[in-house]
Amino acid sequence: MLGHGGGGRLMNQLIRERLIPRLSPERDGPLHDAAVIPVNGQKIAFTTDSYVINPIFFPGGDIGQLAVHGTVNDLCMAGARPLHLSLGLILEEGFPIRDLEVVTESIAAAAAATGVSVVTGDTKVVDKGKGDGIYINTAGIGLIEHDQHISPAAPRPGDAVILSGDIGRHGMAIMAVREGLSFESDITSDSAPVWACVRALLQAGITIRCLRDLTRGGLASACNEIAEAAHMGIRLREDAIPVREDVRAACEILGMDPLYVANEGRFIAFVPNAEAASAVTALRATALGSAATVIGHCADDPDHLVTLKNPLGHDRIIDMLSADQLPRIC
Amino acid sequence: MKYIDEYRDPELARQLSAEIHRITTRPHTLMEVCGGQTHAIVKFGIDGLLPDDIELIHGPGCPVCVTPLELIDRALAIAARRDVIFCSFGDMLRVPGSRQDLFTVKAEGADVRVLYSPLDAVGLAARHPDKEVVFFAVGFETTAPANAMAVYQARQQGLTNFSILVSHVLVPPAMEAILSSERNRVQGFLAAGHVCTVMGFEEYFPLADKYRVPIVVTGFEPLDILQGICMCVRQLEEGRAEVENQYARSVRREGNEHARRIINEVFNVTPRKWRGVGEIPASGLALREAFRAFDAETKFQTGDIVTEESPECISGEILQGLKKPPECPAFGKTCTPDHPLGATMVSSEGACSAYYRYRGRKSVTPAAKN
């Protein structure tokens, strides 16, 4: 039976053990956020994502905006310039037309702001009780206009790990409005398109080994996936990772670790250490990347462990969680 | 962050660590009672800052871990009913019963909800008069006041569709059970700060006297724990066995009178089974006669429950501080957070979960390393 929702180790297992062997048995190697397809001498990036978030309206965004940013950002993680999106809507009978209009306007606004166009789509209505108001699927294509080989397998020991800004806002903004947990806060989602940041790195001529957005499972899961794919360890420094005060406070109260909390406008970049300073400078010149910083380095490690050094000097293992974090009792 | 960063200051931590090294002249074995403290110790590497002569053993203070299997099975049976909205703290959902956990029951269609406050369950009951709303009232003295208040408010609102499944446990009787055991190795306690915030620490004076054991009420941040250890070691080195309060910014000797009053009004003390440990006299809370209408165990006849504990799991010995997680043959092999054999691998306050999460499947205790 399914119990694999959290984007953690269980979800990973489901994909690797149940889906890939049936769909693409010859496939070997790491999974990327987007597929890269050669077409007539050019390289196209192609990806898809489904959005089932509840509540659909949350501080700092809604499901429509998220459906654009999420897919666009997956294209960006392949180093592609996002071009076109498809839009699939699955609506439950009784879903308010007014909400549909608001979500659609939000999709249009996010697409315009990101420079992508919605070029094809599909709408289905399911019986009441067979859906959760609205589900959205978007697929996107983008163009890779450089010769860099950006891949989860590419990082090497010694490479710097650069984080594009503070973490934990999206997940905690959702948590604050979720039924049964609601608490007062000013935390808003960080949902945003990251293309301007990736473009800045490309234009600065940085060697980009790998990019990974920090969605479900957060920074910790992203680092673990790359460490596994690149057959190395990652050493992070806790005091280098920016977390806003209110996000930290909410995490402390609920007993959650911001390293595992979802983001929708943040990514990590793996670059050669010699180019780390230039990469940070390039990112900081963008509005979204103004707090970009080096948070650690890749290391030789046969166990592919991700570790975090705290200010007391202790290294602890940052493992992948098996599923969603749960609020603690006391 | 204010009230957090001050208590994680690396320089002060080094000073406290140096002081503990300076005053320690012989081996001492201390137990931190609360699972929250265990997690902080393993997460921040506090055991690594101590002299080899100081051994920390992890106590029974994990509410999810000590909730008896029989009660979890009962919860699963109640949650599976079509007319029930079953509410629980998040921690409880992955705890394995004999055959299932609450997540599985939810996946099969049961209405299981994670709440952060039992008062929200009272609100749910008011909004869903056609449903029975049941709250899984687990925990130590820390969660008892809010659970008591939920029952109290439900009665005031005249709600007949609200009840709680009670598995409340009390800390001091468990400490006494450990001290009176023939296998006891504990020479000093770091008492659970948050429990004492509610209950105060009067109850510890007779324990310290009777068993000649220092008890230091201790907080949860790295500096709290280091200072608690320092105070405890100093007592042992000086041959004292007193009750001291390290966590004075939160704990008063008499505790929180309002919280104690509501606990007393709604609950009375009862013998209670602890998972992996067995029955401890006068170690739990049950609803008083006047509130029996809110007792889910009476309301829903779930029949005889036949429990089945994993034969491999040694969580009972872990909870009594007799063994450490890496000493378990199943640890990190047949028992992982994905496939837990016992509650100590699941709960965010369980010792096995702390070791696995922060030190990995190959984790060793500092003692084993040396």
# chains A, B, ... in the order shown; residues from 1 in each chain; ligands from 1
$ interface_residues --of "chain B" --to "chain A" --cutoff "7 Å" --atoms "only C-alpha atoms" --output "PDB file with C-alpha atoms, in the first residue's frame"
ATOM      1  CA  MET B   1      17.421  33.775  17.898  1.00  0.00           C
ATOM      2  CA  PRO B  10      30.304  27.539  21.530  1.00  0.00           C
ATOM      3  CA  LYS B  43      22.430  15.979  17.808  1.00  0.00           C
ATOM      4  CA  PHE B  44      24.894  18.473  19.266  1.00  0.00           C
ATOM      5  CA  GLY B  45      27.519  15.864  20.156  1.00  0.00           C
ATOM      6  CA  PHE B  89      -0.006  14.249  17.888  1.00  0.00           C
ATOM      7  CA  GLY B  90       2.069  13.694  14.731  1.00  0.00           C
ATOM      8  CA  ASP B  91       4.694  11.584  16.477  1.00  0.00           C
ATOM      9  CA  VAL B 114      -2.577  15.280  13.130  1.00  0.00           C
ATOM     10  CA  LEU B 115      -3.241  18.046  15.632  1.00  0.00           C
ATOM     11  CA  TYR B 116      -0.904  20.176  17.659  1.00  0.00           C
ATOM     12  CA  ASP B 120      -8.494  21.735  18.349  1.00  0.00           C
ATOM     13  CA  THR B 142       3.864  18.035  30.051  1.00  0.00           C
ATOM     14  CA  THR B 143       0.875  17.225  27.847  1.00  0.00           C
ATOM     15  CA  PRO B 337      13.029   4.441  10.477  1.00  0.00           C
ATOM     16  CA  ASP B 338      11.536   3.022   7.241  1.00  0.00           C
ATOM     17  CA  SER B 348      11.397  12.151  17.636  1.00  0.00           C
ATOM     18  CA  ARG B 357      19.205  10.067  12.534  1.00  0.00           C
ATOM     19  CA  TYR B 358      22.286  11.924  13.703  1.00  0.00           C
ATOM     20  CA  ARG B 359      24.981   9.222  13.619  1.00  0.00           C
ATOM     21  CA  GLY B 360      23.770   6.814  10.964  1.00  0.00           C
TER      22      GLY B 360
END
$ residues_around --residues "Ala160 of chain A" --least-positions-apart "4" --cutoff "8 Å" --atoms "only C-alpha atoms" --output "list in words"
Phe270, Val271, Pro272, Asn273, Ala276, Val294, Ile295, Gly296, His297 and Cys298 of chain A
$ write_last_selection --atoms "N, CA, C and O atoms" --output "mmCIF file, in the first residue's frame"
data_model
loop_
_atom_site.group_PDB
_atom_site.id
_atom_site.type_symbol
_atom_site.label_atom_id
_atom_site.label_comp_id
_atom_site.auth_asym_id
_atom_site.auth_seq_id
_atom_site.Cartn_x
_atom_site.Cartn_y
_atom_site.Cartn_z
ATOM 1 N N PHE A 270 26.714 23.283 -7.477
ATOM 2 C CA PHE A 270 28.028 22.700 -7.228
ATOM 3 C C PHE A 270 28.980 23.257 -8.274
ATOM 4 O O PHE A 270 28.741 23.090 -9.473
ATOM 5 N N VAL A 271 30.014 23.954 -7.817
ATOM 6 C CA VAL A 271 30.977 24.552 -8.748
ATOM 7 C C VAL A 271 32.388 24.251 -8.235
ATOM 8 O O VAL A 271 32.579 24.003 -7.039
ATOM 9 N N PRO A 272 33.394 24.282 -9.138
ATOM 10 C CA PRO A 272 34.770 24.094 -8.659
ATOM 11 C C PRO A 272 35.092 25.152 -7.607
ATOM 12 O O PRO A 272 34.682 26.312 -7.754
ATOM 13 N N ASN A 273 35.817 24.743 -6.574
ATOM 14 C CA ASN A 273 36.076 25.657 -5.465
ATOM 15 C C ASN A 273 36.738 26.960 -5.924
ATOM 16 O O ASN A 273 36.433 28.036 -5.409
ATOM 17 N N ALA A 276 34.171 29.472 -6.835
ATOM 18 C CA ALA A 276 33.075 29.689 -5.881
ATOM 19 C C ALA A 276 32.826 31.173 -5.619
ATOM 20 O O ALA A 276 31.682 31.638 -5.616
ATOM 21 N N VAL A 294 28.429 30.227 0.171
ATOM 22 C CA VAL A 294 29.005 28.880 0.194
ATOM 23 C C VAL A 294 28.636 28.228 1.522
ATOM 24 O O VAL A 294 28.876 28.800 2.583
ATOM 25 N N ILE A 295 28.042 27.039 1.468
ATOM 26 C CA ILE A 295 27.630 26.384 2.715
ATOM 27 C C ILE A 295 28.424 25.122 3.018
ATOM 28 O O ILE A 295 28.245 24.510 4.063
ATOM 29 N N GLY A 296 29.304 24.731 2.096
ATOM 30 C CA GLY A 296 30.093 23.531 2.366
ATOM 31 C C GLY A 296 30.825 23.060 1.134
ATOM 32 O O GLY A 296 30.853 23.756 0.106
ATOM 33 N N HIS A 297 31.423 21.871 1.249
ATOM 34 C CA HIS A 297 32.228 21.328 0.158
ATOM 35 C C HIS A 297 31.982 19.836 -0.010
ATOM 36 O O HIS A 297 31.547 19.162 0.917
ATOM 37 N N CYS A 298 32.311 19.367 -1.193
ATOM 38 C CA CYS A 298 32.228 17.933 -1.458
ATOM 39 C C CYS A 298 33.518 17.273 -0.981
ATOM 40 O O CYS A 298 34.573 17.900 -0.989
#
$ residues_around --residues "segment 199-208 of chain A" --least-positions-apart "6" --cutoff "12 Å" --atoms "only C-alpha atoms" --output "compact mmCIF listing (two decimals) with all heavy atoms, in the first residue's frame"
# COMPACT_ATOMS: atom_id res chain seq x y z
N CYS A 76 15.32 24.86 -15.21
CA CYS A 76 16.51 25.65 -14.88
C CYS A 76 17.61 24.76 -14.30
O CYS A 76 18.80 24.99 -14.52
CB CYS A 76 16.18 26.74 -13.86
SG CYS A 76 15.06 27.99 -14.49
N MET A 77 17.20 23.71 -13.55
CA MET A 77 18.19 22.84 -12.91
C MET A 77 18.97 22.03 -13.93
O MET A 77 20.02 21.47 -13.63
CB MET A 77 17.52 21.92 -11.88
CG MET A 77 16.91 22.65 -10.68
SD MET A 77 18.10 23.68 -9.76
CE MET A 77 17.74 25.33 -10.39
N ALA A 78 18.45 21.95 -15.17
CA ALA A 78 19.22 21.34 -16.25
C ALA A 78 20.00 22.41 -17.01
O ALA A 78 20.61 22.13 -18.04
CB ALA A 78 18.27 20.59 -17.18
N GLY A 79 19.98 23.63 -16.52
CA GLY A 79 20.68 24.73 -17.18
C GLY A 79 19.94 25.25 -18.41
O GLY A 79 20.53 25.89 -19.28
N ALA A 80 18.64 24.97 -18.51
CA ALA A 80 17.87 25.33 -19.70
C ALA A 80 17.12 26.64 -19.50
O ALA A 80 16.66 26.93 -18.39
CB ALA A 80 16.88 24.22 -20.03
N ARG A 81 16.97 27.39 -20.58
CA ARG A 81 16.12 28.57 -20.55
C ARG A 81 14.69 28.11 -20.78
O ARG A 81 14.38 27.52 -21.82
CB ARG A 81 16.54 29.54 -21.66
CG ARG A 81 15.67 30.79 -21.76
CD ARG A 81 16.36 31.89 -22.53
NE ARG A 81 16.61 31.53 -23.93
CZ ARG A 81 15.76 31.77 -24.93
NH1 ARG A 81 14.60 32.36 -24.71
NH2 ARG A 81 16.06 31.41 -26.17
N PRO A 82 13.80 28.35 -19.79
CA PRO A 82 12.42 27.86 -19.91
C PRO A 82 11.68 28.58 -21.03
O PRO A 82 11.79 29.81 -21.15
CB PRO A 82 11.79 28.20 -18.55
CG PRO A 82 12.92 28.61 -17.66
CD PRO A 82 14.03 29.08 -18.53
N ILE A 144 18.69 24.44 -24.02
CA ILE A 144 20.01 24.51 -23.40
C ILE A 144 20.95 25.19 -24.40
O ILE A 144 21.21 24.65 -25.47
CB ILE A 144 20.50 23.10 -23.02
CG1 ILE A 144 19.55 22.53 -21.95
CG2 ILE A 144 21.94 23.14 -22.50
CD1 ILE A 144 19.80 21.09 -21.60
N GLU A 145 21.42 26.38 -24.05
CA GLU A 145 22.15 27.20 -25.02
C GLU A 145 23.63 27.30 -24.68
O GLU A 145 24.25 28.34 -24.85
CB GLU A 145 21.52 28.60 -25.06
CG GLU A 145 20.06 28.55 -25.50
CD GLU A 145 19.29 29.84 -25.24
OE1 GLU A 145 19.34 30.33 -24.09
OE2 GLU A 145 18.67 30.36 -26.17
N HIS A 146 24.17 26.24 -24.09
CA HIS A 146 25.59 26.24 -23.72
C HIS A 146 26.10 24.81 -23.80
O HIS A 146 25.30 23.88 -24.00
CB HIS A 146 25.77 26.80 -22.31
CG HIS A 146 24.89 26.10 -21.31
ND1 HIS A 146 25.19 24.87 -20.78
CD2 HIS A 146 23.66 26.44 -20.81
CE1 HIS A 146 24.22 24.49 -19.98
NE2 HIS A 146 23.26 25.42 -19.98
N ASP A 147 27.40 24.62 -23.62
CA ASP A 147 27.98 23.29 -23.77
C ASP A 147 28.31 22.64 -22.43
O ASP A 147 29.00 21.63 -22.37
CB ASP A 147 29.25 23.36 -24.62
CG ASP A 147 28.92 23.77 -26.04
OD1 ASP A 147 27.82 23.40 -26.51
OD2 ASP A 147 29.74 24.48 -26.65
N GLN A 148 27.83 23.24 -21.34
CA GLN A 148 28.16 22.67 -20.04
C GLN A 148 27.42 21.36 -19.83
O GLN A 148 26.30 21.17 -20.30
CB GLN A 148 27.73 23.65 -18.94
CG GLN A 148 28.45 24.98 -19.03
CD GLN A 148 28.89 25.44 -17.65
OE1 GLN A 148 29.29 24.65 -16.82
NE2 GLN A 148 28.82 26.74 -17.43
N HIS A 149 28.08 20.48 -19.07
CA HIS A 149 27.45 19.20 -18.74
C HIS A 149 26.99 19.29 -17.28
O HIS A 149 27.77 19.08 -16.35
CB HIS A 149 28.43 18.06 -18.93
CG HIS A 149 27.86 16.74 -18.53
ND1 HIS A 149 26.77 16.17 -19.16
CD2 HIS A 149 28.22 15.88 -17.55
CE1 HIS A 149 26.49 15.01 -18.58
NE2 HIS A 149 27.34 14.81 -17.60
N ILE A 150 25.72 19.66 -17.09
CA ILE A 150 25.19 19.85 -15.74
C ILE A 150 24.44 18.58 -15.35
O ILE A 150 23.43 18.24 -15.98
CB ILE A 150 24.25 21.07 -15.70
CG1 ILE A 150 25.02 22.33 -16.11
CG2 ILE A 150 23.63 21.23 -14.31
CD1 ILE A 150 24.17 23.56 -16.25
N SER A 151 24.96 17.88 -14.33
CA SER A 151 24.36 16.58 -13.99
C SER A 151 24.61 16.24 -12.53
O SER A 151 25.64 16.60 -11.97
CB SER A 151 24.98 15.50 -14.88
OG SER A 151 24.95 14.25 -14.23
N PRO A 152 23.67 15.52 -11.90
CA PRO A 152 23.87 15.13 -10.49
C PRO A 152 25.11 14.27 -10.30
O PRO A 152 25.63 14.19 -9.19
CB PRO A 152 22.61 14.31 -10.19
CG PRO A 152 21.61 14.70 -11.21
CD PRO A 152 22.37 15.10 -12.43
N ALA A 154 27.99 14.83 -11.78
CA ALA A 154 29.20 15.57 -12.15
C ALA A 154 30.03 16.15 -11.00
O ALA A 154 31.24 16.31 -11.15
CB ALA A 154 28.82 16.67 -13.13
N PRO A 155 29.45 16.50 -9.85
CA PRO A 155 30.26 17.12 -8.79
C PRO A 155 31.41 16.21 -8.36
O PRO A 155 31.31 14.99 -8.41
CB PRO A 155 29.27 17.32 -7.64
CG PRO A 155 27.95 17.41 -8.29
CD PRO A 155 28.02 16.47 -9.46
N ARG A 156 32.54 16.84 -7.94
CA ARG A 156 33.72 16.08 -7.53
C ARG A 156 34.15 16.54 -6.15
O ARG A 156 33.88 17.68 -5.75
CB ARG A 156 34.87 16.37 -8.50
CG ARG A 156 34.56 15.91 -9.90
CD ARG A 156 35.58 16.43 -10.88
NE ARG A 156 35.00 16.37 -12.22
CZ ARG A 156 35.57 16.90 -13.30
NH1 ARG A 156 36.73 17.53 -13.18
NH2 ARG A 156 34.98 16.80 -14.46
N ASP A 159 34.70 20.35 -4.71
CA ASP A 159 33.77 21.35 -5.22
C ASP A 159 33.07 22.09 -4.08
O ASP A 159 32.82 21.52 -3.01
CB ASP A 159 32.68 20.69 -6.08
CG ASP A 159 33.19 20.33 -7.47
OD1 ASP A 159 34.36 20.64 -7.76
OD2 ASP A 159 32.41 19.73 -8.25
N ALA A 160 32.74 23.36 -4.35
CA ALA A 160 31.99 24.14 -3.36
C ALA A 160 30.49 23.91 -3.56
O ALA A 160 30.02 23.72 -4.68
CB ALA A 160 32.32 25.61 -3.50
N VAL A 161 29.75 23.94 -2.44
CA VAL A 161 28.29 23.88 -2.49
C VAL A 161 27.76 25.28 -2.17
O VAL A 161 28.02 25.81 -1.10
CB VAL A 161 27.72 22.88 -1.46
CG1 VAL A 161 26.21 22.75 -1.61
CG2 VAL A 161 28.40 21.53 -1.59
N ILE A 162 27.06 25.87 -3.14
CA ILE A 162 26.55 27.23 -2.96
C ILE A 162 25.03 27.18 -2.83
O ILE A 162 24.35 26.53 -3.64
CB ILE A 162 26.94 28.12 -4.16
CG1 ILE A 162 28.47 28.22 -4.24
CG2 ILE A 162 26.32 29.51 -4.04
CD1 ILE A 162 28.96 28.91 -5.50
N SER A 164 21.46 29.35 -2.74
CA SER A 164 21.05 30.62 -3.36
C SER A 164 20.38 31.60 -2.40
O SER A 164 20.10 32.73 -2.77
CB SER A 164 20.13 30.34 -4.56
OG SER A 164 18.90 29.82 -4.11
N PRO A 193 10.61 31.98 -9.60
CA PRO A 193 11.39 31.35 -10.67
C PRO A 193 12.88 31.67 -10.48
O PRO A 193 13.23 32.80 -10.16
CB PRO A 193 10.86 32.02 -11.94
CG PRO A 193 10.35 33.35 -11.49
CD PRO A 193 9.94 33.22 -10.06
N ILE A 268 20.71 24.65 -4.85
CA ILE A 268 22.14 24.61 -4.58
C ILE A 268 22.87 24.42 -5.90
O ILE A 268 22.36 23.77 -6.82
CB ILE A 268 22.55 23.49 -3.59
CG1 ILE A 268 21.83 22.18 -3.90
CG2 ILE A 268 22.31 23.93 -2.16
CD1 ILE A 268 22.27 21.01 -3.02
N ALA A 269 24.05 25.02 -5.99
CA ALA A 269 24.91 24.88 -7.16
C ALA A 269 26.23 24.28 -6.73
O ALA A 269 26.78 24.68 -5.70
CB ALA A 269 25.13 26.25 -7.81
N PHE A 270 26.71 23.28 -7.48
CA PHE A 270 28.03 22.70 -7.23
C PHE A 270 28.98 23.26 -8.27
O PHE A 270 28.74 23.09 -9.47
CB PHE A 270 27.96 21.17 -7.34
CG PHE A 270 27.13 20.54 -6.25
CD1 PHE A 270 25.75 20.55 -6.32
CD2 PHE A 270 27.74 19.95 -5.15
CE1 PHE A 270 24.98 19.97 -5.32
CE2 PHE A 270 26.97 19.36 -4.15
CZ PHE A 270 25.59 19.38 -4.23
N VAL A 271 30.01 23.95 -7.82
CA VAL A 271 30.98 24.55 -8.75
C VAL A 271 32.39 24.25 -8.23
O VAL A 271 32.58 24.00 -7.04
CB VAL A 271 30.78 26.09 -8.87
CG1 VAL A 271 29.33 26.43 -9.22
CG2 VAL A 271 31.19 26.81 -7.61
N PRO A 272 33.39 24.28 -9.14
CA PRO A 272 34.77 24.09 -8.66
C PRO A 272 35.09 25.15 -7.61
O PRO A 272 34.68 26.31 -7.75
CB PRO A 272 35.61 24.30 -9.92
CG PRO A 272 34.67 24.06 -11.06
CD PRO A 272 33.32 24.49 -10.58
N ASN A 273 35.82 24.74 -6.57
CA ASN A 273 36.08 25.66 -5.46
C ASN A 273 36.74 26.96 -5.92
O ASN A 273 36.43 28.04 -5.41
CB ASN A 273 36.94 24.95 -4.41
CG ASN A 273 36.92 25.70 -3.10
OD1 ASN A 273 35.87 26.21 -2.69
ND2 ASN A 273 38.06 25.80 -2.45
N ALA A 274 37.60 26.88 -6.94
CA ALA A 274 38.32 28.07 -7.42
C ALA A 274 37.34 29.09 -8.01
O ALA A 274 37.65 30.28 -8.08
CB ALA A 274 39.36 27.67 -8.46
N GLU A 275 36.17 28.63 -8.43
CA GLU A 275 35.20 29.55 -9.04
C GLU A 275 34.08 29.94 -8.07
O GLU A 275 33.15 30.66 -8.46
CB GLU A 275 34.60 28.91 -10.30
CG GLU A 275 35.64 28.62 -11.37
CD GLU A 275 35.04 27.95 -12.60
OE1 GLU A 275 33.95 28.38 -13.05
OE2 GLU A 275 35.64 26.99 -13.11
N ALA A 276 34.17 29.47 -6.84
CA ALA A 276 33.08 29.69 -5.88
C ALA A 276 32.83 31.17 -5.62
O ALA A 276 31.68 31.64 -5.62
CB ALA A 276 33.37 28.96 -4.57
N ALA A 277 33.90 31.93 -5.44
CA ALA A 277 33.73 33.36 -5.11
C ALA A 277 33.05 34.09 -6.27
O ALA A 277 32.13 34.89 -6.06
CB ALA A 277 35.09 33.98 -4.79
N SER A 278 33.47 33.81 -7.51
CA SER A 278 32.84 34.46 -8.66
C SER A 278 31.38 34.04 -8.78
O SER A 278 30.52 34.86 -9.14
CB SER A 278 33.55 34.07 -9.97
OG SER A 278 34.92 34.05 -9.80
N ALA A 279 31.10 32.78 -8.49
CA ALA A 279 29.72 32.31 -8.59
C ALA A 279 28.84 33.03 -7.57
O ALA A 279 27.72 33.47 -7.88
CB ALA A 279 29.67 30.80 -8.37
N VAL A 280 29.34 33.18 -6.35
CA VAL A 280 28.58 33.88 -5.31
C VAL A 280 28.35 35.34 -5.72
O VAL A 280 27.24 35.87 -5.60
CB VAL A 280 29.30 33.78 -3.95
CG1 VAL A 280 28.70 34.75 -2.94
CG2 VAL A 280 29.24 32.35 -3.41
N THR A 281 29.38 35.97 -6.27
CA THR A 281 29.24 37.36 -6.72
C THR A 281 28.16 37.47 -7.80
O THR A 281 27.31 38.37 -7.76
CB THR A 281 30.59 37.87 -7.28
OG1 THR A 281 31.59 37.64 -6.29
CG2 THR A 281 30.52 39.36 -7.61
N ALA A 282 28.19 36.54 -8.75
CA ALA A 282 27.21 36.57 -9.84
C ALA A 282 25.80 36.39 -9.30
O ALA A 282 24.86 37.10 -9.69
CB ALA A 282 27.52 35.47 -10.86
N LEU A 283 25.64 35.44 -8.36
CA LEU A 283 24.31 35.20 -7.79
C LEU A 283 23.82 36.39 -6.99
O LEU A 283 22.65 36.78 -7.06
CB LEU A 283 24.33 33.95 -6.90
CG LEU A 283 24.36 32.60 -7.63
CD1 LEU A 283 24.61 31.47 -6.64
CD2 LEU A 283 23.05 32.38 -8.38
N ARG A 284 24.73 36.99 -6.23
CA ARG A 284 24.33 38.11 -5.37
C ARG A 284 23.92 39.34 -6.18
O ARG A 284 23.25 40.22 -5.65
CB ARG A 284 25.46 38.47 -4.40
CG ARG A 284 25.59 37.45 -3.29
CD ARG A 284 26.52 37.92 -2.20
NE ARG A 284 26.63 36.89 -1.17
CZ ARG A 284 27.52 36.89 -0.21
NH1 ARG A 284 28.41 37.88 -0.13
NH2 ARG A 284 27.55 35.92 0.69
N ALA A 285 24.31 39.39 -7.44
CA ALA A 285 23.90 40.51 -8.28
C ALA A 285 22.45 40.37 -8.73
O ALA A 285 21.87 41.31 -9.28
CB ALA A 285 24.83 40.61 -9.49
N THR A 286 21.84 39.20 -8.51
CA THR A 286 20.43 39.02 -8.87
C THR A 286 19.56 39.31 -7.63
O THR A 286 20.03 39.20 -6.49
CB THR A 286 20.14 37.58 -9.33
OG1 THR A 286 20.35 36.69 -8.21
CG2 THR A 286 21.06 37.16 -10.46
N ALA A 287 18.29 39.67 -7.89
CA ALA A 287 17.40 40.01 -6.78
C ALA A 287 17.16 38.79 -5.88
O ALA A 287 17.20 38.88 -4.66
CB ALA A 287 16.07 40.52 -7.33
N LEU A 288 16.95 37.64 -6.50
CA LEU A 288 16.61 36.44 -5.74
C LEU A 288 17.81 35.83 -5.03
O LEU A 288 17.67 35.19 -4.00
CB LEU A 288 16.01 35.40 -6.71
CG LEU A 288 15.28 34.22 -6.07
CD1 LEU A 288 14.05 34.70 -5.33
CD2 LEU A 288 14.91 33.19 -7.13
N GLY A 289 19.01 36.09 -5.59
CA GLY A 289 20.20 35.43 -5.05
C GLY A 289 21.05 36.32 -4.16
O GLY A 289 22.23 36.04 -3.93
N SER A 290 20.45 37.38 -3.63
CA SER A 290 21.25 38.38 -2.91
C SER A 290 21.89 37.83 -1.63
O SER A 290 22.84 38.41 -1.13
CB SER A 290 20.38 39.60 -2.57
OG SER A 290 19.31 39.18 -1.76
N ALA A 292 23.07 34.64 -1.49
CA ALA A 292 23.76 33.39 -1.87
C ALA A 292 25.07 33.27 -1.10
O ALA A 292 25.74 34.27 -0.83
CB ALA A 292 24.02 33.38 -3.37
$ atom_distance --atom1 "atom CA of Glu184 of chain A" --atom2 "atom CA of Ile134 of chain A"
26.1 Å
$ closest_atom_pairs --of "segment 256-367 of chain B" --to "segment 98-112 of chain B" --cutoff "9 Å" --atoms "only C-alpha atoms" --output "Markdown table"
| residue | atom | partner | partner_atom | distance |
| --- | --- | --- | --- | --- |
| B:Val306 | CA | B:Ser98 | CA | 8.3 |
| B:Thr307 | CA | B:Ser98 | CA | 5.6 |
| B:Glu308 | CA | B:Ser98 | CA | 5.0 |
| B:Glu309 | CA | B:Ser98 | CA | 6.2 |
| B:Ser310 | CA | B:Ser98 | CA | 8.1 |
$ write_last_selection --atoms "N, CA and C atoms" --output "PDB file, in the first residue's frame"
ATOM      1  N   VAL B 306      -5.195  -8.857  21.340  1.00  0.00           N
ATOM      2  CA  VAL B 306      -4.054  -9.768  21.475  1.00  0.00           C
ATOM      3  C   VAL B 306      -2.844  -9.080  20.854  1.00  0.00           C
ATOM      4  N   THR B 307      -1.868  -8.754  21.675  1.00  0.00           N
ATOM      5  CA  THR B 307      -0.725  -8.005  21.165  1.00  0.00           C
ATOM      6  C   THR B 307       0.410  -8.936  20.772  1.00  0.00           C
ATOM      7  N   GLU B 308       1.265  -8.401  19.918  1.00  0.00           N
ATOM      8  CA  GLU B 308       2.359  -9.196  19.384  1.00  0.00           C
ATOM      9  C   GLU B 308       3.565  -8.277  19.224  1.00  0.00           C
ATOM     10  N   GLU B 309       4.493  -8.349  20.152  1.00  0.00           N
ATOM     11  CA  GLU B 309       5.675  -7.478  20.116  1.00  0.00           C
ATOM     12  C   GLU B 309       6.765  -8.162  19.297  1.00  0.00           C
ATOM     13  N   SER B 310       7.544  -7.372  18.554  1.00  0.00           N
ATOM     14  CA  SER B 310       8.651  -7.962  17.796  1.00  0.00           C
ATOM     15  C   SER B 310       9.637  -8.631  18.756  1.00  0.00           C
TER      16      SER B 310
END
$ residues_around --residues "Ser189 of chain A" --least-positions-apart "2" --cutoff "6 Å" --atoms "only C-alpha atoms" --output "PyMOL selection string"
chain A and resi 60+169-170+173+191
$ write_last_selection --atoms "C-alpha atoms" --output "PDB file, in the first residue's frame"
ATOM      1  CA  GLY A  60       2.900  34.287  -0.454  1.00  0.00           C
ATOM      2  CA  ARG A 169      10.046  29.564   4.192  1.00  0.00           C
ATOM      3  CA  HIS A 170       7.679  27.700   1.856  1.00  0.00           C
ATOM      4  CA  ALA A 173       4.257  29.098   5.486  1.00  0.00           C
ATOM      5  CA  SER A 191       7.951  30.514  -4.397  1.00  0.00           C
TER       6      SER A 191
END
